[in-house]
file coords_30.txt (compact mmCIF, C-alpha atoms)
# COMPACT_ATOMS: atom_id res chain seq x y z
CA MET A 49 -32.00 -10.35 45.27
CA ALA A 50 -33.66 -13.15 43.34
CA VAL A 51 -33.86 -12.83 39.58
CA SER A 52 -37.14 -13.75 37.95
CA PRO A 53 -37.14 -16.32 35.11
CA PHE A 54 -38.38 -13.62 32.70
CA ALA A 55 -35.48 -11.30 33.57
CA LYS A 56 -33.00 -14.16 33.27
CA ARG A 57 -34.30 -15.09 29.83
CA TYR A 58 -34.37 -11.42 28.80
CA ARG A 59 -30.71 -11.04 29.74
CA GLN A 60 -29.80 -14.11 27.70
CA VAL A 61 -31.70 -12.87 24.66
CA ALA A 62 -30.15 -9.40 25.00
CA PHE A 63 -26.69 -10.90 25.30
CA TRP A 64 -27.05 -12.97 22.13
CA ILE A 65 -28.50 -10.00 20.22
CA VAL A 66 -25.56 -7.81 21.22
CA PHE A 67 -23.14 -10.63 20.47
CA GLY A 68 -24.65 -11.09 16.98
CA LEU A 69 -24.47 -7.35 16.25
CA ILE A 70 -20.83 -7.13 17.35
CA LEU A 71 -19.96 -10.23 15.34
CA ALA A 72 -21.65 -8.76 12.24
CA ALA A 73 -19.80 -5.45 12.73
CA CYS A 74 -16.44 -7.19 13.11
CA THR A 75 -17.15 -9.27 10.00
CA ALA A 76 -17.97 -6.12 8.03
CA ILE A 77 -14.70 -4.56 9.21
CA LEU A 78 -12.68 -7.59 8.08
CA LEU A 79 -14.42 -8.07 4.70
CA PRO A 80 -12.13 -5.66 2.77
CA PHE A 81 -9.10 -7.52 4.09
CA ILE A 82 -10.24 -11.07 3.27
CA PRO A 83 -8.04 -11.29 0.12
CA ALA A 84 -5.01 -10.14 2.12
CA LEU A 85 -5.74 -12.63 4.90
CA MET A 86 -6.22 -15.43 2.38
CA TRP A 87 -2.90 -14.53 0.73
CA ALA A 88 -1.25 -14.57 4.15
CA LEU A 89 -2.78 -17.95 5.02
CA VAL A 90 -1.79 -19.58 1.72
CA LEU A 91 1.74 -18.16 1.76
CA SER A 92 2.18 -19.19 5.40
CA VAL A 93 1.22 -22.79 4.60
CA LEU A 94 3.46 -22.89 1.54
CA MET A 95 6.47 -21.38 3.31
CA TYR A 96 5.98 -23.10 6.68
CA PRO A 97 8.52 -25.90 5.98
CA LEU A 98 11.15 -23.24 5.24
CA TYR A 99 10.20 -21.41 8.43
CA ARG A 100 10.66 -24.58 10.49
CA ARG A 101 14.13 -25.17 9.02
CA LEU A 102 15.17 -21.59 9.71
CA LEU A 103 13.76 -21.77 13.24
CA ALA A 104 15.67 -24.98 13.96
CA ARG A 105 18.88 -23.37 12.72
CA PHE A 106 18.43 -20.05 14.51
CA SER A 107 17.47 -21.76 17.77
CA LYS A 108 20.98 -23.19 18.01
CA TRP A 109 22.39 -19.68 18.40
CA LYS A 110 22.39 -18.38 21.95
CA LEU A 111 21.64 -14.86 20.81
CA LEU A 112 18.46 -16.03 19.00
CA ALA A 113 17.24 -18.56 21.53
CA GLY A 114 13.53 -18.68 22.33
CA TYR A 115 11.13 -16.03 21.08
CA ARG A 116 13.81 -14.01 19.27
CA GLY A 117 14.65 -16.99 17.08
CA ALA A 118 11.01 -17.32 16.04
CA THR A 119 10.88 -13.61 15.23
CA VAL A 120 14.03 -13.70 13.07
CA ALA A 121 12.95 -16.93 11.34
CA SER A 122 9.53 -15.47 10.55
CA LEU A 123 11.02 -12.20 9.26
CA THR A 124 13.51 -14.11 7.09
CA THR A 125 10.75 -16.30 5.66
CA VAL A 126 8.63 -13.26 4.79
CA THR A 127 11.63 -11.60 3.11
CA LEU A 128 12.39 -14.70 1.04
CA THR A 129 8.70 -14.92 0.07
CA LEU A 130 8.86 -11.35 -1.17
CA VAL A 131 12.01 -12.02 -3.19
CA ILE A 132 11.13 -15.45 -4.57
CA ILE A 133 7.40 -15.11 -5.27
CA LEU A 134 5.99 -11.61 -5.09
CA ILE A 135 8.68 -9.52 -6.80
CA PRO A 136 8.81 -11.78 -9.91
CA LEU A 137 5.01 -11.70 -10.13
CA PHE A 138 5.10 -7.92 -9.83
CA LEU A 139 7.66 -7.62 -12.63
CA VAL A 140 5.61 -9.90 -14.87
CA GLY A 141 2.54 -7.78 -14.14
CA VAL A 142 4.40 -4.59 -15.06
CA GLY A 143 5.63 -6.13 -18.31
CA LEU A 144 2.17 -7.43 -19.14
CA PHE A 145 0.65 -4.02 -18.45
CA ALA A 146 3.21 -2.40 -20.77
CA GLN A 147 2.53 -4.85 -23.60
CA VAL A 148 -1.25 -4.53 -23.32
CA GLY A 149 -0.83 -0.75 -23.26
CA SER A 150 1.27 -0.83 -26.42
CA VAL A 151 -1.35 -2.93 -28.20
CA THR A 152 -4.07 -0.51 -27.09
CA THR A 153 -2.03 2.47 -28.30
CA ALA A 154 -1.48 0.81 -31.67
CA LEU A 155 -5.20 0.07 -32.01
CA ALA A 156 -5.99 3.68 -31.18
CA GLY A 157 -3.62 4.77 -33.96
CA GLU A 158 -1.61 7.04 -31.66
CA THR A 159 1.89 5.62 -32.15
CA GLY A 160 3.44 2.76 -34.01
CA LYS A 161 0.70 2.79 -36.65
CA PRO A 162 2.88 1.79 -39.62
CA SER A 163 4.25 -1.33 -37.91
CA PHE A 164 0.84 -2.27 -36.62
CA ASP A 165 -0.72 -1.72 -40.05
CA SER A 166 1.95 -3.84 -41.71
CA ALA A 167 1.36 -6.60 -39.17
CA LEU A 168 -2.34 -6.58 -40.04
CA ARG A 169 -1.52 -6.74 -43.74
CA GLN A 170 0.76 -9.74 -43.16
CA LEU A 171 -1.97 -11.40 -41.12
CA ASP A 172 -4.48 -10.89 -43.94
CA ALA A 173 -2.03 -12.32 -46.47
CA SER A 174 -1.34 -15.38 -44.33
CA ILE A 175 -4.98 -16.28 -43.62
CA LYS A 176 -6.37 -15.34 -47.04
CA PRO A 177 -6.34 -18.96 -48.36
CA PHE A 178 -8.40 -20.03 -45.34
CA THR A 179 -10.82 -17.09 -45.25
CA ASP A 180 -11.58 -17.29 -48.98
CA ASN A 181 -12.80 -20.86 -48.57
CA VAL A 182 -14.62 -20.38 -45.29
CA VAL A 183 -16.04 -16.84 -44.97
CA GLY A 184 -15.34 -15.36 -48.39
CA ASP A 185 -13.97 -11.84 -48.75
CA PHE A 186 -12.87 -10.94 -45.23
CA SER A 187 -10.04 -8.67 -44.08
CA VAL A 188 -8.82 -8.47 -40.53
CA ARG A 189 -7.19 -5.11 -41.28
CA GLU A 190 -10.41 -3.58 -42.58
CA TYR A 191 -12.38 -4.91 -39.63
CA VAL A 192 -9.85 -3.55 -37.12
CA MET A 193 -9.68 -0.16 -38.85
CA GLU A 194 -13.48 0.14 -38.90
CA HIS A 195 -13.84 -0.80 -35.23
CA GLN A 196 -10.52 0.37 -33.83
CA SER A 197 -12.10 2.94 -31.51
CA GLU A 198 -14.44 0.31 -29.98
CA ILE A 199 -11.62 -2.23 -29.67
CA ALA A 200 -9.28 0.32 -28.11
CA GLN A 201 -11.97 1.42 -25.66
CA SER A 202 -12.73 -2.18 -24.66
CA LEU A 203 -9.03 -2.75 -24.00
CA ARG A 204 -8.49 0.54 -22.20
CA ALA A 205 -11.23 -0.16 -19.69
CA PRO A 206 -9.50 -3.17 -18.05
CA VAL A 207 -6.10 -1.49 -18.39
CA ALA A 208 -7.38 1.61 -16.58
CA LYS A 209 -9.04 -0.57 -13.95
CA PHE A 210 -5.79 -2.46 -13.46
CA ALA A 211 -3.89 0.78 -13.01
CA GLY A 212 -6.49 2.10 -10.58
CA GLN A 213 -6.23 -1.01 -8.44
CA ALA A 214 -2.43 -0.92 -8.31
CA ALA A 215 -2.37 1.05 -5.05
CA PHE A 216 -4.92 -1.27 -3.43
CA THR A 217 -2.91 -4.29 -4.62
CA ILE A 218 0.25 -2.93 -3.02
CA LEU A 219 -1.65 -2.31 0.22
CA THR A 220 -3.04 -5.86 0.08
CA ILE A 221 0.46 -7.29 -0.35
CA VAL A 222 1.79 -5.26 2.59
CA ILE A 223 -1.07 -6.42 4.84
CA ALA A 224 -0.62 -10.02 3.65
CA LEU A 225 3.10 -10.01 4.45
CA LEU A 226 2.50 -8.45 7.85
CA SER A 227 -0.21 -11.01 8.63
CA MET A 228 2.02 -13.79 7.36
CA PHE A 229 4.76 -12.71 9.76
CA PHE A 230 2.47 -13.05 12.79
CA MET A 231 0.87 -16.27 11.50
CA LEU A 232 4.26 -17.92 11.27
CA ARG A 233 5.63 -16.57 14.54
CA ASP A 234 2.53 -16.92 16.72
CA GLY A 235 0.70 -19.71 14.87
CA GLU A 236 1.44 -22.38 17.46
CA LYS A 237 0.24 -20.13 20.28
CA LEU A 238 -2.99 -19.26 18.49
CA LYS A 239 -3.67 -22.83 17.40
CA GLY A 240 -4.78 -24.09 20.82
CA PRO A 241 -7.42 -21.41 21.57
CA ALA A 242 -8.69 -21.63 18.00
CA LEU A 243 -9.16 -25.40 18.19
CA GLU A 244 -11.16 -25.01 21.39
CA LEU A 245 -13.80 -23.07 19.43
CA VAL A 246 -14.26 -25.86 16.88
CA PRO A 247 -17.02 -28.33 17.92
CA LEU A 248 -15.04 -31.34 16.69
CA LYS A 249 -12.75 -33.87 18.25
CA PRO A 250 -9.11 -32.73 18.32
CA SER A 251 -8.14 -35.61 16.04
CA GLN A 252 -10.79 -34.60 13.49
CA THR A 253 -9.68 -30.98 13.57
CA GLU A 254 -6.03 -31.96 13.12
CA SER A 255 -7.04 -34.17 10.20
CA ILE A 256 -8.87 -31.25 8.55
CA LEU A 257 -5.88 -28.95 9.04
CA MET A 258 -3.60 -31.58 7.52
CA ARG A 259 -5.87 -31.97 4.51
CA ILE A 260 -6.00 -28.20 4.03
CA SER A 261 -2.20 -28.04 4.04
CA GLU A 262 -1.95 -30.94 1.59
CA THR A 263 -4.55 -29.36 -0.70
CA ILE A 264 -2.75 -26.01 -0.77
CA HIS A 265 0.57 -27.67 -1.57
CA ALA A 266 -0.96 -30.00 -4.16
CA VAL A 267 -2.92 -27.29 -5.97
CA PHE A 268 0.02 -24.89 -5.92
CA VAL A 269 2.55 -27.44 -7.12
CA GLY A 270 0.33 -29.51 -9.38
CA THR A 271 -1.76 -26.74 -10.94
CA VAL A 272 -0.31 -23.26 -10.39
CA LEU A 273 3.40 -24.07 -10.49
CA VAL A 274 3.06 -26.41 -13.47
CA ALA A 275 1.02 -23.79 -15.36
CA LEU A 276 3.64 -21.13 -14.56
CA ILE A 277 6.42 -23.40 -15.84
CA GLN A 278 4.45 -24.03 -19.04
CA GLY A 279 3.83 -20.30 -19.49
CA ALA A 280 7.52 -19.52 -18.94
CA ILE A 281 8.61 -22.17 -21.45
CA MET A 282 6.22 -20.95 -24.13
CA GLY A 283 6.97 -17.29 -23.38
CA ILE A 284 10.66 -17.96 -24.06
CA ALA A 285 9.76 -19.93 -27.20
CA PHE A 286 7.53 -17.11 -28.46
CA ALA A 287 10.31 -14.58 -27.88
CA VAL A 288 12.91 -16.73 -29.64
CA ALA A 289 10.53 -17.28 -32.56
CA GLY A 290 10.03 -13.52 -32.88
CA VAL A 291 6.34 -13.52 -31.96
CA PRO A 292 5.04 -10.05 -30.95
CA SER A 293 3.83 -9.66 -27.33
CA ALA A 294 5.59 -12.85 -26.25
CA LEU A 295 5.10 -12.06 -22.56
CA MET A 296 1.37 -11.56 -22.99
CA LEU A 297 1.07 -14.86 -24.87
CA GLY A 298 3.16 -16.59 -22.21
CA VAL A 299 0.85 -15.33 -19.46
CA ALA A 300 -2.15 -16.48 -21.52
CA THR A 301 -0.53 -19.92 -21.83
CA ALA A 302 -0.11 -20.09 -18.04
CA VAL A 303 -3.75 -19.08 -17.53
CA PHE A 304 -5.04 -21.75 -19.91
CA GLY A 305 -2.67 -24.23 -18.29
CA VAL A 306 -4.92 -24.22 -15.23
CA ILE A 307 -7.98 -25.22 -17.28
CA PRO A 308 -8.47 -28.98 -17.75
CA LEU A 309 -8.73 -30.38 -21.30
CA LEU A 310 -7.60 -27.07 -22.84
CA GLY A 311 -4.16 -26.20 -21.52
CA PRO A 312 -1.27 -24.59 -23.40
CA PRO A 313 -2.14 -26.09 -26.85
CA ILE A 314 -5.00 -23.64 -27.21
CA ILE A 315 -2.36 -20.87 -27.40
CA TYR A 316 0.73 -22.36 -29.01
CA ILE A 317 -1.01 -24.34 -31.79
CA PRO A 318 -2.72 -21.27 -33.37
CA VAL A 319 0.47 -19.23 -32.96
CA GLY A 320 2.55 -21.97 -34.59
CA LEU A 321 0.10 -22.35 -37.47
CA MET A 322 0.04 -18.57 -37.92
CA LEU A 323 3.84 -18.47 -38.17
CA LEU A 324 3.73 -21.37 -40.60
CA ALA A 325 1.18 -19.56 -42.77
CA GLN A 326 3.37 -16.45 -42.74
CA GLY A 327 6.30 -18.46 -44.07
CA ASN A 328 8.26 -18.33 -40.80
CA ASN A 329 9.02 -22.04 -40.77
CA THR A 330 11.83 -21.74 -38.23
CA GLY A 331 9.66 -19.81 -35.77
CA ALA A 332 6.78 -22.23 -36.25
CA ALA A 333 9.09 -25.19 -35.64
CA ILE A 334 10.41 -23.58 -32.43
CA VAL A 335 6.95 -22.82 -31.07
CA LEU A 336 5.37 -26.18 -31.96
CA ALA A 337 8.39 -28.20 -30.80
CA ALA A 338 8.55 -26.32 -27.48
CA GLY A 339 4.80 -26.79 -27.09
CA PHE A 340 4.41 -30.46 -27.97
CA LEU A 341 7.75 -31.78 -26.72
CA ILE A 342 8.28 -29.68 -23.58
CA ALA A 343 5.28 -27.65 -22.35
CA SER A 344 2.64 -30.34 -22.87
CA GLN A 345 4.91 -32.98 -21.32
CA VAL A 346 5.53 -30.94 -18.17
CA ASP A 347 1.98 -31.62 -17.03
CA ASN A 348 2.35 -35.38 -17.60
CA LEU A 349 5.80 -35.71 -16.06
CA LEU A 350 5.93 -33.26 -13.15
CA LYS A 351 2.38 -33.41 -11.78
CA PRO A 352 2.38 -37.12 -10.74
CA PHE A 353 5.92 -36.74 -9.39
CA LEU A 354 5.25 -33.58 -7.39
CA ILE A 355 1.72 -34.32 -6.16
CA GLY A 356 1.66 -38.08 -5.78
CA GLY A 357 -1.41 -39.03 -3.74
CA ARG A 358 -1.63 -35.89 -1.66
CA VAL A 359 -5.12 -34.84 -2.66
CA ASN A 360 -8.08 -36.81 -3.94
CA LEU A 361 -10.00 -33.94 -5.52
CA HIS A 362 -11.26 -34.57 -9.04
CA PRO A 363 -9.68 -32.31 -11.69
CA LEU A 364 -13.11 -30.95 -12.60
CA ALA A 365 -13.78 -30.10 -8.94
CA ILE A 366 -10.42 -28.34 -8.75
CA PHE A 367 -11.21 -26.41 -11.92
CA PHE A 368 -14.62 -25.15 -10.73
CA SER A 369 -13.30 -24.32 -7.26
CA ILE A 370 -10.42 -22.34 -8.78
CA LEU A 371 -12.68 -20.53 -11.26
CA GLY A 372 -15.30 -19.74 -8.63
CA GLY A 373 -12.65 -18.59 -6.18
CA VAL A 374 -11.14 -16.22 -8.74
CA PHE A 375 -14.55 -14.75 -9.56
CA LEU A 376 -15.34 -14.33 -5.86
CA ILE A 377 -12.15 -12.91 -4.32
CA GLY A 378 -9.70 -12.39 -7.19
CA PRO A 379 -6.39 -14.13 -7.98
CA ILE A 380 -6.03 -15.64 -4.50
CA GLY A 381 -9.12 -17.69 -5.33
CA ILE A 382 -6.81 -20.00 -7.27
CA MET A 383 -5.66 -21.32 -3.89
CA ALA A 384 -8.61 -20.37 -1.69
CA GLY A 385 -11.25 -22.12 -3.81
CA PRO A 386 -9.82 -25.66 -3.51
CA MET A 387 -8.98 -24.98 0.14
CA LEU A 388 -12.60 -24.07 0.95
CA LEU A 389 -13.82 -27.09 -1.01
CA THR A 390 -11.51 -29.31 1.05
CA ILE A 391 -12.89 -27.83 4.29
CA LEU A 392 -16.45 -28.43 3.09
CA LEU A 393 -15.75 -32.05 2.18
CA ALA A 394 -14.02 -32.64 5.52
CA MET A 395 -16.99 -31.16 7.40
CA ILE A 396 -19.38 -33.38 5.41
CA GLU A 397 -17.29 -36.39 6.41
CA ALA A 398 -17.46 -35.29 10.07
CA VAL A 399 -21.26 -34.99 9.86
CA ARG A 400 -21.49 -38.43 8.25
CA ALA A 401 -19.31 -39.84 11.04
CA TRP A 402 -21.64 -38.32 13.64
CA MET A 403 -24.69 -39.80 11.93
CA SER A 404 -23.10 -43.25 11.65
CA GLU A 405 -22.05 -43.41 15.31
CA PRO A 406 -24.11 -45.91 17.35
CA PRO A 407 -26.20 -44.39 20.16
CA ASN A 408 -24.69 -44.30 23.63
CA GLU A 409 -25.98 -47.43 25.38
CA GLU A 410 -25.55 -45.98 28.87
CA ALA A 411 -27.54 -42.87 28.00
CA THR A 412 -30.21 -45.02 26.36
CA SER A 413 -30.53 -47.28 29.41
CA GLU A 414 -30.70 -44.29 31.76
CA GLY A 415 -33.38 -42.74 29.60
CA LEU A 416 -35.43 -45.95 29.56
CA SER A 417 -35.14 -46.42 33.33
CA GLY A 418 -36.17 -42.81 33.90
CA LEU A 419 -39.14 -43.30 31.61
CA ALA A 420 -40.11 -46.45 33.53
CA ASP A 421 -39.87 -44.63 36.88
CA ALA A 422 -41.99 -41.80 35.59
CA SER A 423 -44.70 -44.17 34.31
CA SER A 424 -44.80 -46.04 37.63
call {"tool": "encode", "arguments": {"input": "coords_30.txt", "output": "structure tokens"}}
result
Amino acid sequence: MAVSPFAKRYRQVAFWIVFGLILAACTAILLPFIPALMWALVLSVLMYPLYRRLLARFSKWKLLAGYRGATVASLTTVTLTLVIILIPLFLVGVGLFAQVGSVTTALAGETGKPSFDSALRQLDASIKPFTDNVVGDFSVREYVMEHQSEIAQSLRAPVAKFAGQAAFTILTIVIALLSMFFMLRDGEKLKGPALELVPLKPSQTESILMRISETIHAVFVGTVLVALIQGAIMGIAFAVAGVPSALMLGVATAVFGVIPLLGPPIIYIPVGLMLLAQGNNTGAAIVLAAGFLIASQVDNLLKPFLIGGRVNLHPLAIFFSILGGVFLIGPIGIMAGPMLLTILLAMIEAVRAWMSEPPNEEATSEGLSGLADASS
């Protein structure tokens, strides 16, 4: 039975409508798991060299030959990722939560009020020479005591939100590790069908994948890892110097270490000057020496050595991509933002290459001959 042109077109339109609806539904289903999938992707790229070494070693054993070797290598890589990266981050998060909670409790006046009150009095005494010349009669203690309920409430809100998201964070980590396992084990099998869906030349697609991998490694090593090292150094220095909430200040140092032009000095210089004003010359010397001589030099010494010429992104572009990624999808945006920016720049280069390609002479000649035949 012959199909009319109208029915044929109707079937095509109906197919694409159904396809669009199914695609939208599948996208909506996957949206809650995007952070977990991004974590899995980033961790898979970072740990892939380790996976390849383990696979090469396990493949030599007859018992783990073939697919079983890939399974064991992937499982081992995921376990090492959990031990090396995720568990330390979890412990730091627990410690940070405890310190922020203790500060909130002290502000609320529930426990530890005498020590907190004495700390405020010492702070007032140390900054009095500066405040008298700048703002006149000002007391940090009086301001905190007058507004302690508002300050405590403003701190409790993020703390409560953090505690409420703990279960979801654990679920995200579990899904990320499970996805990472399959990405490592079955990545080579899934790579071919995935590349067939990309409307680019295989060489261009491979080049984009290589740039994504280089960007993830460069941003992690040159930005995240360096900032974590700086935060760890200053956290130890704060603890040795006897600074309260040393872990919280160390985490703040690591956070500011990601920001260009600011970096760790925005934390350790005020802390060092505060210790100096309080008469703690030894503590001030420890903090400032660790900051200027070690933490600030880590960025200058390690970043060129570790990154080299891997990525050509401008530091300002990296900063905005990291900040936007964090605002959009949370902490994984630190890695996902620069990765997405790299993909965008690679796609722009592909479009520019298409536009700069000369027209196909054979197609042009065929078109001109056909046009001549039609006119005759």
call {"tool": "residues_near_point", "arguments": {"input": "coords_30.txt", "point": "(6.3, -31.1, -23.5)", "cutoff": "12 Å", "atoms": "all atoms listed in the file", "output": "list in words"}}
result
Val274, Ile277, Gln278, Gly279, Ile281, Met282, Gly311, Pro312, Pro313, Tyr316, Val335, Leu336, Ala337, Ala338, Gly339, Phe340, Leu341, Ile342, Ala343, Ser344, Gln345, Val346, Asp347, Asn348, Leu349 and Leu350 of chain A
call {"tool": "atom_distance", "arguments": {"input": "coords_30.txt", "atom1": "CA of Tyr96 in chain A", "atom2": "CA of Met383 in chain A"}}
result
15.8 Å
call {"tool": "atom_distance", "arguments": {"input": "coords_30.txt", "atom1": "CA of Arg101 in chain A", "atom2": "CA of Ala121 in chain A"}}
result
8.6 Å
call {"tool": "residues_around", "arguments": {"input": "coords_30.txt", "residues": "range 76-82 of chain A", "least_positions_apart": "6", "cutoff": "9 Å", "atoms": "all atoms listed in the file", "output": "list in words"}}
result
Thr220, Ile223, Ala224 and Ile377 of chain A
call {"tool": "write_last_selection", "arguments": {"input": "coords_30.txt", "atoms": "C-alpha atoms", "output": "compact mmCIF listing (two decimals), in the frame of the given file"}}
result
# COMPACT_ATOMS: atom_id res chain seq x y z
CA THR A 220 -3.04 -5.86 0.08
CA ILE A 223 -1.07 -6.42 4.84
CA ALA A 224 -0.62 -10.02 3.65
CA ILE A 377 -12.15 -12.91 -4.32
call {"tool": "residues_around", "arguments": {"input": "coords_30.txt", "residues": "Leu257 in chain A", "least_positions_apart": "5", "cutoff": "10 Å", "atoms": "all atoms listed in the file", "output": "PyMOL selection string"}}
result
chain A and resi 251-252+262-263+390-391+394
call {"tool": "atom_distance", "arguments": {"input": "coords_30.txt", "atom1": "CA of Asn328 in chain A", "atom2": "CA of Val299 in chain A"}}
result
22.8 Å
call {"tool": "closest_residue", "arguments": {"input": "coords_30.txt", "among": "A:Ala73, A:Ala266, A:Leu276, A:Val222", "to": "Leu137 in chain A", "atoms": "all atoms listed in the file"}}
result
A:Leu276
call {"tool": "closest_residue", "arguments": {"input": "coords_30.txt", "among": "A:Leu111, A:Leu103, A:Leu91, A:Ala275", "to": "Ile132 in chain A", "atoms": "only C-alpha atoms"}}
result
A:Leu91
call {"tool": "residues_around", "arguments": {"input": "coords_30.txt", "residues": "Met231 in chain A", "least_positions_apart": "6", "cutoff": "9 Å", "atoms": "only C-alpha atoms", "output": "PyMOL selection string"}}
result
chain A and resi 88-89+92+122+238
call {"tool": "residues_around", "arguments": {"input": "coords_30.txt", "residues": "Leu321 in chain A", "least_positions_apart": "2", "cutoff": "12 Å", "atoms": "all atoms listed in the file", "output": "list in words"}}
result
Leu171, Ser174, Ile175, Phe178, Pro313, Ile314, Ile315, Tyr316, Ile317, Pro318, Val319, Leu323, Leu324, Ala325, Gln326, Gly327, Asn328, Asn329, Thr330, Gly331, Ala332, Ala333, Ile334, Val335 and Leu336 of chain A
call {"tool": "write_last_selection", "arguments": {"input": "coords_30.txt", "atoms": "C-alpha atoms", "output": "PDB file, in the coordinates of the input"}}
result
ATOM      1  CA  LEU A 171      -1.970 -11.400 -41.120  1.00  0.00           C
ATOM      2  CA  SER A 174      -1.340 -15.380 -44.330  1.00  0.00           C
ATOM      3  CA  ILE A 175      -4.980 -16.280 -43.620  1.00  0.00           C
ATOM      4  CA  PHE A 178      -8.400 -20.030 -45.340  1.00  0.00           C
ATOM      5  CA  PRO A 313      -2.140 -26.090 -26.850  1.00  0.00           C
ATOM      6  CA  ILE A 314      -5.000 -23.640 -27.210  1.00  0.00           C
ATOM      7  CA  ILE A 315      -2.360 -20.870 -27.400  1.00  0.00           C
ATOM      8  CA  TYR A 316       0.730 -22.360 -29.010  1.00  0.00           C
ATOM      9  CA  ILE A 317      -1.010 -24.340 -31.790  1.00  0.00           C
ATOM     10  CA  PRO A 318      -2.720 -21.270 -33.370  1.00  0.00           C
ATOM     11  CA  VAL A 319       0.470 -19.230 -32.960  1.00  0.00           C
ATOM     12  CA  LEU A 323       3.840 -18.470 -38.170  1.00  0.00           C
ATOM     13  CA  LEU A 324       3.730 -21.370 -40.600  1.00  0.00           C
ATOM     14  CA  ALA A 325       1.180 -19.560 -42.770  1.00  0.00           C
ATOM     15  CA  GLN A 326       3.370 -16.450 -42.740  1.00  0.00           C
ATOM     16  CA  GLY A 327       6.300 -18.460 -44.070  1.00  0.00           C
ATOM     17  CA  ASN A 328       8.260 -18.330 -40.800  1.00  0.00           C
ATOM     18  CA  ASN A 329       9.020 -22.040 -40.770  1.00  0.00           C
ATOM     19  CA  THR A 330      11.830 -21.740 -38.230  1.00  0.00           C
ATOM     20  CA  GLY A 331       9.660 -19.810 -35.770  1.00  0.00           C
ATOM     21  CA  ALA A 332       6.780 -22.230 -36.250  1.00  0.00           C
ATOM     22  CA  ALA A 333       9.090 -25.190 -35.640  1.00  0.00           C
ATOM     23  CA  ILE A 334      10.410 -23.580 -32.430  1.00  0.00           C
ATOM     24  CA  VAL A 335       6.950 -22.820 -31.070  1.00  0.00           C
ATOM     25  CA  LEU A 336       5.370 -26.180 -31.960  1.00  0.00           C
TER      26      LEU A 336
END
call {"tool": "residues_around", "arguments": {"input": "coords_30.txt", "residues": "Trp402 in chain A", "least_positions_apart": "6", "cutoff": "12 Å", "atoms": "all atoms listed in the file", "output": "VMD selection string"}}
result
chain A and resid 247 to 249 252 395 to 396
call {"tool": "closest_residue", "arguments": {"input": "coords_30.txt", "among": "A:Ala285, A:Val291, A:Leu364, A:Leu245", "to": "Ile307 in chain A", "atoms": "all atoms listed in the file"}}
result
A:Leu364
